[in-house]
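Peer 1: My file is model_4.cif. It has mmCIF, C-alpha atoms; chains and numbers go by the auth columns:
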```
data_upload
#
loop_
_atom_site.group_PDB
_atom_site.id
_atom_site.type_symbol
_atom_site.label_atom_id
_atom_site.label_comp_id
_atom_site.label_asym_id
_atom_site.label_seq_id
_atom_site.Cartn_x
_atom_site.Cartn_y
_atom_site.Cartn_z
_atom_site.B_iso_or_equiv
_atom_site.auth_seq_id
_atom_site.auth_asym_id
ATOM 1 C CA MET A 1 89.727 190.461 86.898 0.00 233 B
ATOM 2 C CA LYS A 2 87.558 187.334 86.661 0.00 234 B
ATOM 3 C CA GLN A 3 88.995 186.062 89.951 0.00 235 B
ATOM 4 C CA ARG A 4 88.241 189.413 91.631 0.00 236 B
ATOM 5 C CA ALA A 5 84.644 189.249 90.377 0.00 237 B
ATOM 6 C CA MET A 6 84.315 185.706 91.697 0.00 238 B
ATOM 7 C CA LEU A 7 85.673 186.744 95.099 0.00 239 B
ATOM 8 C CA VAL A 8 83.237 189.643 95.307 0.00 240 B
ATOM 9 C CA ARG A 9 80.361 187.310 94.396 0.00 241 B
ATOM 10 C CA ILE A 10 81.420 184.933 97.168 0.00 242 B
ATOM 11 C CA ALA A 11 81.616 187.784 99.685 0.00 243 B
ATOM 12 C CA VAL A 12 78.181 189.110 98.720 0.00 244 B
ATOM 13 C CA THR A 13 76.762 185.590 98.875 0.00 245 B
ATOM 14 C CA LEU A 14 78.170 185.139 102.379 0.00 246 B
ATOM 15 C CA SER A 15 76.560 188.384 103.530 0.00 247 B
ATOM 16 C CA VAL A 16 73.162 187.425 102.074 0.00 248 B
ATOM 17 C CA ALA A 17 73.339 183.948 103.583 0.00 249 B
ATOM 18 C CA ALA A 18 74.247 185.334 107.001 0.00 250 B
ATOM 19 C CA ALA A 19 71.191 187.588 106.884 0.00 251 B
ATOM 20 C CA PHE A 20 68.893 184.670 106.014 0.00 252 B
ATOM 21 C CA VAL A 21 70.375 182.570 108.830 0.00 253 B
ATOM 22 C CA ALA A 22 69.926 185.384 111.343 0.00 254 B
ATOM 23 C CA VAL A 23 66.264 185.795 110.376 0.00 255 B
ATOM 24 C CA ALA A 24 65.652 182.049 110.594 0.00 256 B
ATOM 25 C CA LEU A 25 67.213 181.832 114.033 0.00 257 B
ATOM 26 C CA GLN A 26 65.081 184.686 115.341 0.00 258 B
ATOM 27 C CA SER A 27 61.956 182.546 114.905 0.00 259 B
ATOM 28 C CA SER A 28 63.058 179.821 117.296 0.00 260 B
ATOM 29 C CA ARG A 29 65.541 180.634 120.034 0.00 261 B
ATOM 30 C CA PRO A 30 66.216 178.042 122.688 0.00 262 B
ATOM 31 C CA ALA A 31 67.297 179.265 126.095 0.00 263 B
ATOM 32 C CA PRO A 32 71.084 179.790 126.258 0.00 264 B
ATOM 33 C CA ALA A 33 73.087 176.975 127.780 0.00 265 B
ATOM 34 C CA THR A 34 74.560 177.962 131.117 0.00 266 B
ATOM 35 C CA ALA A 35 76.856 174.970 131.540 0.00 267 B
ATOM 36 C CA PRO A 36 79.597 174.015 129.073 0.00 268 B
ATOM 37 C CA VAL A 37 79.733 170.534 127.601 0.00 269 B
ATOM 38 C CA ALA A 38 81.731 167.928 129.485 0.00 270 B
ATOM 39 C CA THR A 39 83.861 167.180 126.437 0.00 271 B
ATOM 40 C CA VAL A 40 85.307 170.026 124.400 0.00 272 B
ATOM 41 C CA LYS A 41 87.102 169.623 121.079 0.00 273 B
ATOM 42 C CA ARG A 42 90.431 171.280 120.322 0.00 274 B
ATOM 43 C CA VAL A 43 91.080 172.824 116.923 0.00 275 B
ATOM 44 C CA ARG A 44 93.514 170.468 115.188 0.00 276 B
ATOM 45 C CA ASN A 45 95.885 173.059 113.785 0.00 277 B
ATOM 46 C CA LEU A 46 96.388 176.769 113.177 0.00 278 B
ATOM 47 C CA VAL A 47 97.186 176.902 109.463 0.00 279 B
ATOM 48 C CA CYS A 48 97.351 180.601 108.666 0.00 280 B
ATOM 49 C CA ALA A 49 96.852 183.872 110.565 0.00 281 B
ATOM 50 C CA ARG A 50 96.651 187.494 109.490 0.00 282 B
ATOM 51 C CA PRO A 51 95.891 190.563 111.619 0.00 283 B
ATOM 52 C CA PHE A 52 93.469 193.120 110.222 0.00 284 B
ATOM 53 C CA LYS A 53 92.149 196.562 111.069 0.00 285 B
ATOM 54 C CA LEU A 54 89.099 198.344 109.686 0.00 286 B
ATOM 55 C CA GLU A 55 88.497 202.006 108.944 0.00 287 B
ATOM 56 C CA THR A 56 84.811 201.445 109.687 0.00 288 B
ATOM 57 C CA GLY A 57 83.948 198.883 112.351 0.00 289 B
ATOM 58 C CA TYR A 58 80.780 196.831 112.596 0.00 290 B
ATOM 59 C CA SER A 59 78.623 195.377 115.352 0.00 291 B
ATOM 60 C CA SER A 60 79.299 191.673 115.860 0.00 292 B
ATOM 61 C CA ALA A 61 76.280 189.369 115.732 0.00 293 B
ATOM 62 C CA TRP A 62 78.376 186.593 117.296 0.00 294 B
ATOM 63 C CA ARG A 63 78.206 187.865 120.886 0.00 295 B
ATOM 64 C CA ALA A 64 75.271 188.793 123.108 0.00 296 B
ATOM 65 C CA GLU A 65 76.872 192.172 123.819 0.00 297 B
ATOM 66 C CA ARG A 66 77.177 192.888 120.048 0.00 298 B
ATOM 67 C CA PRO A 67 80.590 194.556 120.452 0.00 299 B
ATOM 68 C CA LEU A 68 82.108 196.824 117.817 0.00 300 B
ATOM 69 C CA VAL A 69 84.676 195.002 115.683 0.00 301 B
ATOM 70 C CA ALA A 70 87.395 197.278 114.318 0.00 302 B
ATOM 71 C CA SER A 71 90.373 194.916 114.438 0.00 303 B
ATOM 72 C CA GLY A 72 91.129 191.261 114.860 0.00 304 B
ATOM 73 C CA TRP A 73 92.510 188.147 113.266 0.00 305 B
ATOM 74 C CA LEU A 74 91.619 186.330 110.076 0.00 306 B
ATOM 75 C CA LEU A 75 92.493 182.672 110.627 0.00 307 B
ATOM 76 C CA VAL A 76 92.537 179.411 108.717 0.00 308 B
ATOM 77 C CA LEU A 77 91.942 176.501 111.102 0.00 309 B
ATOM 78 C CA ASP A 78 92.324 172.773 110.534 0.00 310 B
ATOM 79 C CA VAL A 79 89.278 171.194 112.188 0.00 311 B
ATOM 80 C CA ASP A 80 87.591 167.843 112.638 0.00 312 B
ATOM 81 C CA PRO A 81 85.084 167.857 109.745 0.00 313 B
ATOM 82 C CA GLY A 82 82.569 165.907 111.813 0.00 314 B
ATOM 83 C CA ILE A 83 82.145 168.696 114.354 0.00 315 B
ATOM 84 C CA VAL A 84 81.311 171.293 111.688 0.00 316 B
ATOM 85 C CA GLU A 85 79.020 169.052 109.626 0.00 317 B
ATOM 86 C CA PRO A 86 75.799 170.940 108.788 0.00 318 B
ATOM 87 C CA ARG A 87 72.814 169.871 110.866 0.00 319 B
ATOM 88 C CA ASP A 88 69.351 171.108 111.755 0.00 320 B
ATOM 89 C CA GLU A 89 70.155 171.869 115.376 0.00 321 B
ATOM 90 C CA LEU A 90 72.523 173.915 117.494 0.00 322 B
ATOM 91 C CA GLU A 91 76.206 173.652 116.606 0.00 323 B
ATOM 92 C CA HIS A 92 79.318 173.771 118.760 0.00 324 B
ATOM 93 C CA VAL A 93 80.533 177.334 119.219 0.00 325 B
ATOM 94 C CA LEU A 94 84.121 177.995 118.181 0.00 326 B
ATOM 95 C CA TYR A 95 86.277 179.931 120.660 0.00 327 B
ATOM 96 C CA VAL A 96 89.671 181.597 120.324 0.00 328 B
ATOM 97 C CA GLY A 97 90.950 182.797 123.679 0.00 329 B
ATOM 98 C CA ASP A 98 88.222 184.901 125.273 0.00 330 B
ATOM 99 C CA GLN A 99 86.383 185.515 122.007 0.00 331 B
ATOM 100 C CA THR A 100 83.788 183.680 119.960 0.00 332 B
ATOM 101 C CA ALA A 101 85.086 183.137 116.431 0.00 333 B
ATOM 102 C CA GLU A 102 82.857 183.845 113.444 0.00 334 B
ATOM 103 C CA ARG A 103 82.998 180.936 111.014 0.00 335 B
ATOM 104 C CA ILE A 104 82.830 182.339 107.489 0.00 336 B
ATOM 105 C CA ASN A 105 82.531 178.958 105.768 0.00 337 B
ATOM 106 C CA GLN A 106 81.093 175.642 106.924 0.00 338 B
ATOM 107 C CA GLY A 107 84.435 173.822 106.929 0.00 339 B
ATOM 108 C CA ASN A 108 83.340 170.200 106.698 0.00 340 B
ATOM 109 C CA LEU A 109 84.321 169.526 103.069 0.00 341 B
ATOM 110 C CA ALA A 110 87.974 170.542 103.343 0.00 342 B
ATOM 111 C CA ALA A 111 88.353 170.323 107.147 0.00 343 B
ATOM 112 C CA ARG A 112 89.305 174.013 106.987 0.00 344 B
ATOM 113 C CA CYS A 113 87.429 176.848 108.669 0.00 345 B
ATOM 114 C CA ILE A 114 88.142 180.447 107.736 0.00 346 B
ATOM 115 C CA VAL A 115 87.206 182.523 110.766 0.00 347 B
ATOM 116 C CA VAL A 116 87.183 186.089 112.042 0.00 348 B
ATOM 117 C CA VAL A 117 88.310 186.681 115.634 0.00 349 B
ATOM 118 C CA PRO A 118 87.686 190.182 117.035 0.00 350 B
ATOM 119 C CA SER A 119 90.293 191.908 119.189 0.00 351 B
ATOM 120 C CA THR A 120 90.701 195.127 121.135 0.00 352 B
ATOM 121 C CA PRO A 121 92.721 197.506 118.928 0.00 353 B
ATOM 122 C CA ASP A 122 95.965 199.089 120.038 0.00 354 B
ATOM 123 C CA ALA A 123 96.844 202.755 119.590 0.00 355 B
ATOM 124 C CA LEU A 124 97.471 202.203 115.871 0.00 356 B
ATOM 125 C CA GLY A 125 94.325 200.183 115.336 0.00 357 B
ATOM 126 C CA TRP A 126 95.928 196.726 115.131 0.00 358 B
ATOM 127 C CA PRO A 127 94.730 193.767 117.245 0.00 359 B
ATOM 128 C CA THR A 128 96.228 193.300 120.685 0.00 360 B
ATOM 129 C CA GLY A 129 97.078 190.022 122.364 0.00 361 B
ATOM 130 C CA ASP A 130 99.264 187.088 121.427 0.00 362 B
ATOM 131 C CA LEU A 131 97.809 184.140 119.507 0.00 363 B
ATOM 132 C CA ALA A 132 100.361 181.931 121.293 0.00 364 B
ATOM 133 C CA THR A 133 98.422 182.531 124.533 0.00 365 B
ATOM 134 C CA MET A 134 94.974 181.766 123.087 0.00 366 B
ATOM 135 C CA PRO A 135 93.545 178.232 123.164 0.00 367 B
ATOM 136 C CA MET A 136 91.284 177.398 120.217 0.00 368 B
ATOM 137 C CA TRP A 137 88.439 174.938 120.678 0.00 369 B
ATOM 138 C CA PHE A 138 84.807 174.021 120.043 0.00 370 B
ATOM 139 C CA GLY A 139 82.655 174.347 123.148 0.00 371 B
ATOM 140 C CA ALA A 140 79.022 173.769 124.031 0.00 372 B
ATOM 141 C CA GLU A 141 76.267 173.729 121.441 0.00 373 B
ATOM 142 C CA ALA A 142 74.631 177.166 121.434 0.00 374 B
ATOM 143 C CA LEU A 143 73.774 180.200 119.385 0.00 375 B
ATOM 144 C CA PRO A 144 76.860 182.447 119.332 0.00 376 B
ATOM 145 C CA GLU A 145 74.622 185.525 119.558 0.00 377 B
ATOM 146 C CA GLN A 146 73.512 184.360 123.010 0.00 378 B
ATOM 147 C CA ILE A 147 77.050 183.975 124.343 0.00 379 B
ATOM 148 C CA ASP A 148 78.075 186.660 126.836 0.00 380 B
ATOM 149 C CA ASP A 149 81.308 187.217 128.727 0.00 381 B
ATOM 150 C CA ALA A 150 80.256 184.963 131.630 0.00 382 B
ATOM 151 C CA SER A 151 79.551 182.139 129.169 0.00 383 B
ATOM 152 C CA VAL A 152 82.941 182.622 127.523 0.00 384 B
ATOM 153 C CA GLN A 153 84.730 182.468 130.867 0.00 385 B
ATOM 154 C CA ALA A 154 82.856 179.261 131.790 0.00 386 B
ATOM 155 C CA GLU A 155 83.802 177.680 128.469 0.00 387 B
ATOM 156 C CA LEU A 156 87.409 178.809 128.845 0.00 388 B
ATOM 157 C CA ALA A 157 87.564 177.214 132.300 0.00 389 B
ATOM 158 C CA ALA A 158 86.118 173.975 130.910 0.00 390 B
ATOM 159 C CA ALA A 159 88.646 173.958 128.056 0.00 391 B
ATOM 160 C CA THR A 160 91.532 174.557 130.452 0.00 392 B
ATOM 161 C CA SER A 161 90.312 171.740 132.709 0.00 393 B
ATOM 162 C CA ALA A 162 90.163 169.481 129.657 0.00 394 B
ATOM 163 C CA GLY A 163 93.835 170.182 128.936 0.00 395 B
ATOM 164 C CA ILE A 164 93.287 172.349 125.859 0.00 396 B
ATOM 165 C CA ALA A 165 96.292 174.642 125.589 0.00 397 B
ATOM 166 C CA PRO A 166 97.347 177.305 123.070 0.00 398 B
ATOM 167 C CA PHE A 167 99.377 176.285 120.062 0.00 399 B
ATOM 168 C CA ALA A 168 103.145 176.354 120.481 0.00 400 B
ATOM 169 C CA PRO A 169 104.910 179.654 119.676 0.00 401 B
ATOM 170 C CA ALA A 170 106.644 178.016 116.696 0.00 402 B
ATOM 171 C CA GLU A 171 103.270 176.929 115.260 0.00 403 B
ATOM 172 C CA VAL A 172 101.838 180.413 115.724 0.00 404 B
ATOM 173 C CA ALA A 173 104.922 181.981 114.117 0.00 405 B
ATOM 174 C CA ALA A 174 104.530 179.684 111.106 0.00 406 B
ATOM 175 C CA ALA A 175 100.855 180.623 110.785 0.00 407 B
ATOM 176 C CA LEU A 176 101.670 184.341 110.943 0.00 408 B
ATOM 177 C CA ALA A 177 104.379 183.872 108.314 0.00 409 B
ATOM 178 C CA CYS A 178 101.790 182.157 106.131 0.00 410 B
ATOM 179 C CA GLY A 179 99.412 185.096 106.570 0.00 411 B
ATOM 180 C CA SER A 180 102.142 187.592 105.741 0.00 412 B
ATOM 181 C CA THR A 181 101.632 191.216 106.794 0.00 413 B
ATOM 182 C CA GLY A 182 98.532 192.699 108.370 0.00 414 B
ATOM 183 C CA ILE A 183 95.826 194.099 106.140 0.00 415 B
ATOM 184 C CA LYS A 184 94.115 197.489 106.375 0.00 416 B
ATOM 185 C CA LEU A 185 90.547 197.315 105.116 0.00 417 B
ATOM 186 C CA HIS A 186 87.702 199.783 104.770 0.00 418 B
ATOM 187 C CA ASP A 187 84.879 197.755 106.314 0.00 419 B
ATOM 188 C CA ARG A 188 83.323 194.325 106.823 0.00 420 B
ATOM 189 C CA SER A 189 82.599 193.939 103.109 0.00 421 B
ATOM 190 C CA GLU A 190 86.307 194.108 102.318 0.00 422 B
ATOM 191 C CA LEU A 191 87.006 191.743 105.212 0.00 423 B
ATOM 192 C CA LEU A 192 84.649 189.198 103.621 0.00 424 B
ATOM 193 C CA VAL A 193 86.475 189.560 100.302 0.00 425 B
ATOM 194 C CA ALA A 194 89.746 188.768 102.100 0.00 426 B
ATOM 195 C CA ALA A 195 88.071 185.755 103.716 0.00 427 B
ATOM 196 C CA ALA A 196 86.724 184.695 100.321 0.00 428 B
ATOM 197 C CA ARG A 197 90.271 184.599 98.944 0.00 429 B
ATOM 198 C CA TRP A 198 91.177 182.100 101.632 0.00 430 B
ATOM 199 C CA ILE A 199 88.052 180.055 100.953 0.00 431 B
ATOM 200 C CA VAL A 200 89.188 179.715 97.341 0.00 432 B
ATOM 201 C CA GLU A 201 92.709 178.806 98.447 0.00 433 B
ATOM 202 C CA TYR A 202 92.098 176.565 101.463 0.00 434 B
ATOM 203 C CA ALA A 203 88.547 175.272 100.964 0.00 435 B
ATOM 204 C CA PRO A 204 88.023 175.284 97.183 0.00 436 B
ATOM 205 C CA GLN A 205 85.168 172.792 97.548 0.00 437 B
ATOM 206 C CA GLU A 206 83.192 175.672 99.081 0.00 438 B
ATOM 207 C CA ARG A 207 83.944 178.391 96.542 0.00 439 B
ATOM 208 C CA ASP A 208 80.189 178.721 95.900 0.00 440 B
ATOM 209 C CA PHE A 209 79.407 178.621 99.643 0.00 441 B
ATOM 210 C CA PRO A 210 76.920 178.812 101.152 0.00 442 B
ATOM 211 C CA HIS A 211 74.333 176.322 99.949 0.00 443 B
ATOM 212 C CA GLY A 212 75.197 176.754 96.297 0.00 444 B
ATOM 213 C CA MET A 213 73.703 180.249 96.158 0.00 445 B
ATOM 214 C CA LEU A 214 75.272 182.553 93.582 0.00 446 B
ATOM 215 C CA ALA A 215 75.166 186.312 93.722 0.00 447 B
ATOM 216 C CA PRO A 216 74.242 188.245 90.542 0.00 448 B
ATOM 217 C CA PRO A 217 77.251 188.764 88.262 0.00 449 B
ATOM 218 C CA VAL A 218 79.356 191.855 88.927 0.00 450 B
ATOM 219 C CA HIS A 219 79.535 194.094 85.836 0.00 451 B
#
```
Is it possible to express this structure as structure tokens?
Peer 2:
Amino acid sequence: MKQRAMLVRIAVTLSVAAAFVAVALQSSRPAPATAPVATVKRVRNLVCARPFKLETGYSSAWRAERPLVASGWLLVLDVDPGIVEPRDELEHVLYVGDQTAERINQGNLAARCIVVVPSTPDALGWPTGDLATMPMWFGAEALPEQIDDASVQAELAAATSAGIAPFAPAEVAAALACGSTGIKLHDRSELLVAAARWIVEYAPQERDFPHGMLAPPVH
């Protein structure tokens, strides 16, 4: 019960922090970058993967088009901690296939990023596509909310030119086995609770993420 309360506090804290970040970014928006960086950085490893579907979708703030997210992938990625180090400037956007990935935690302390990757749902509501066909990399420095489809395609072309390829089918299979079965959730709040469980497991240094803020106790 105590662990559940802690997970809910983490999820609420993440939601509050995301709102503060969004407001702060609104005050100073640089023009979106039109050209990808010359050097892109591949994600080091796909640690764990779990498909999810939501009864109630939400509008993604991590794309210019603000698409509805009703299904996707919850991933644990092994990353270079230097590229996700907090800084007072634009950060490298994380991509998975033709999607921007929402980083739920910072990732620099444990070199592990827990991320949400949206996907088009199939007839049963589960994500479509094959993770074994999706390269995963950090692209140009930008605000994810300014990234549109044309930007994604330019970044994908740059990553392909740089030799960044999807993870091997065996690596993807191992990650899916780690994630176990898909999860059916009510909404984004429950998705954040699921992400919080993985923060506790894979990035315990960030269990009070972000920025040491703590939500009010859950009674």
Peer 1: Enumerate, in order of chain and increasing residue number, the residues of segment 263-363 of chain B with an atom no farther than 12 Å from segment 418-429 of chain B, each with its shortest atom pair and distance in Å to one decimal, counting all atoms listed in the file, as a Markdown table.
Peer 2:
```
| residue | atom | partner | partner_atom | distance |
| --- | --- | --- | --- | --- |
| B:Cys280 | CA | B:Ala427 | CA | 11.7 |
| B:Ala281 | CA | B:Ala427 | CA | 11.3 |
| B:Arg282 | CA | B:Ala426 | CA | 10.2 |
| B:Pro283 | CA | B:Leu423 | CA | 11.0 |
| B:Phe284 | CA | B:Leu423 | CA | 8.3 |
| B:Lys285 | CA | B:His418 | CA | 8.4 |
| B:Leu286 | CA | B:His418 | CA | 5.3 |
| B:Glu287 | CA | B:His418 | CA | 4.8 |
| B:Thr288 | CA | B:Asp419 | CA | 5.0 |
| B:Gly289 | CA | B:Asp419 | CA | 6.2 |
| B:Tyr290 | CA | B:Arg420 | CA | 6.8 |
| B:Ser291 | CA | B:Arg420 | CA | 9.8 |
| B:Ser292 | CA | B:Arg420 | CA | 10.2 |
| B:Leu300 | CA | B:Arg420 | CA | 11.3 |
| B:Val301 | CA | B:Arg420 | CA | 9.0 |
| B:Ala302 | CA | B:Asp419 | CA | 8.4 |
| B:Ser303 | CA | B:Asp419 | CA | 10.2 |
| B:Gly304 | CA | B:Leu423 | CA | 10.5 |
| B:Trp305 | CA | B:Leu423 | CA | 10.4 |
| B:Leu306 | CA | B:Ala427 | CA | 7.3 |
| B:Leu307 | CA | B:Ala427 | CA | 8.8 |
| B:Val308 | CA | B:Ala427 | CA | 9.2 |
| B:Glu334 | CA | B:Ala427 | CA | 11.2 |
| B:Arg335 | CA | B:Ala427 | CA | 10.1 |
| B:Ile336 | CA | B:Ala427 | CA | 7.3 |
| B:Asn337 | CA | B:Ala428 | CA | 9.0 |
| B:Cys345 | CA | B:Ala427 | CA | 10.2 |
| B:Ile346 | CA | B:Ala427 | CA | 6.7 |
| B:Val347 | CA | B:Ala427 | CA | 7.8 |
| B:Val348 | CA | B:Ala427 | CA | 8.4 |
| B:Val349 | CA | B:Leu423 | CA | 11.7 |
| B:Pro350 | CA | B:Arg420 | CA | 11.9 |
```
Peer 1: Running the PyMOL selection byres ((chain B and resi 383) around 12) on this model by hand, what would come out? Give it as a ChimeraX atom specification.
Peer 2: /B:264-269,295-297,325,327,330-332,371-382,384-390
Peer 1: Counting only C-alpha atoms, which residue out of B:Lys416, B:Arg439, B:Arg276, B:Arg298 sits closest to Gly357 of chain B?
Peer 2: B:Lys416
Peer 1: Using Å and a single decimal, report how far atom CA of Val328 of chain B sits from atom CA of Met366 of chain B.
Peer 2: 6.0 Å
Peer 1: Hey, can you check how far atom CA of Thr392 of chain B sits from atom CA of Pro367 of chain B?
Peer 2: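 So the answer is 8.4 Å.
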Peer 1: Apply the PyMOL selection byres ((chain B and resi 317) around 10) to the displayed file and report the matching residues as a list in words.
Peer 2: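 The output of the PyMOL selection byres ((chain B and resi 317) around 10) on this file is Asp312, Pro313, Gly314, Ile315, Val316, Pro318, Arg319, Glu323, Gln338, Gly339, Asn340, Leu341 and Ala343 of chain B.
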Peer 1: What is the distance between atom CA of Ile431 of chain B and atom CA of Trp294 of chain B, in Å to one decimal?
Peer 2: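 Taking atom CA of Ile431 of chain B as the start and atom CA of Trp294 of chain B as the end point, the length is 20.1 Å.
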Peer 1: Which residues would end up in the selection if the PyMOL selection byres ((chain B and resi 277) around 10) were applied here, given that I need the answer as an MDAnalysis selection string?
Peer 2: chainID B and resid 274:276 278:280 308:312 344 368 399 403:404 407
Peer 1: Taking all atoms listed in the file into account, which of B:Ala364, B:Ile415, B:Cys410, B:Ala333 comes nearest Pro398 of chain B?
Peer 2: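 Checking each candidate against Pro398 of chain B, we get B:Ala364 as the closest.
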Peer 1: Taking into account all atoms listed in the file, which residue in the set B:Glu433, B:Ala342, B:Leu363, B:Thr352 is nearest to Ala402 of chain B?
Peer 2: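 Ranked by minimum distance to Ala402 of chain B, first place goes to B:Leu363.
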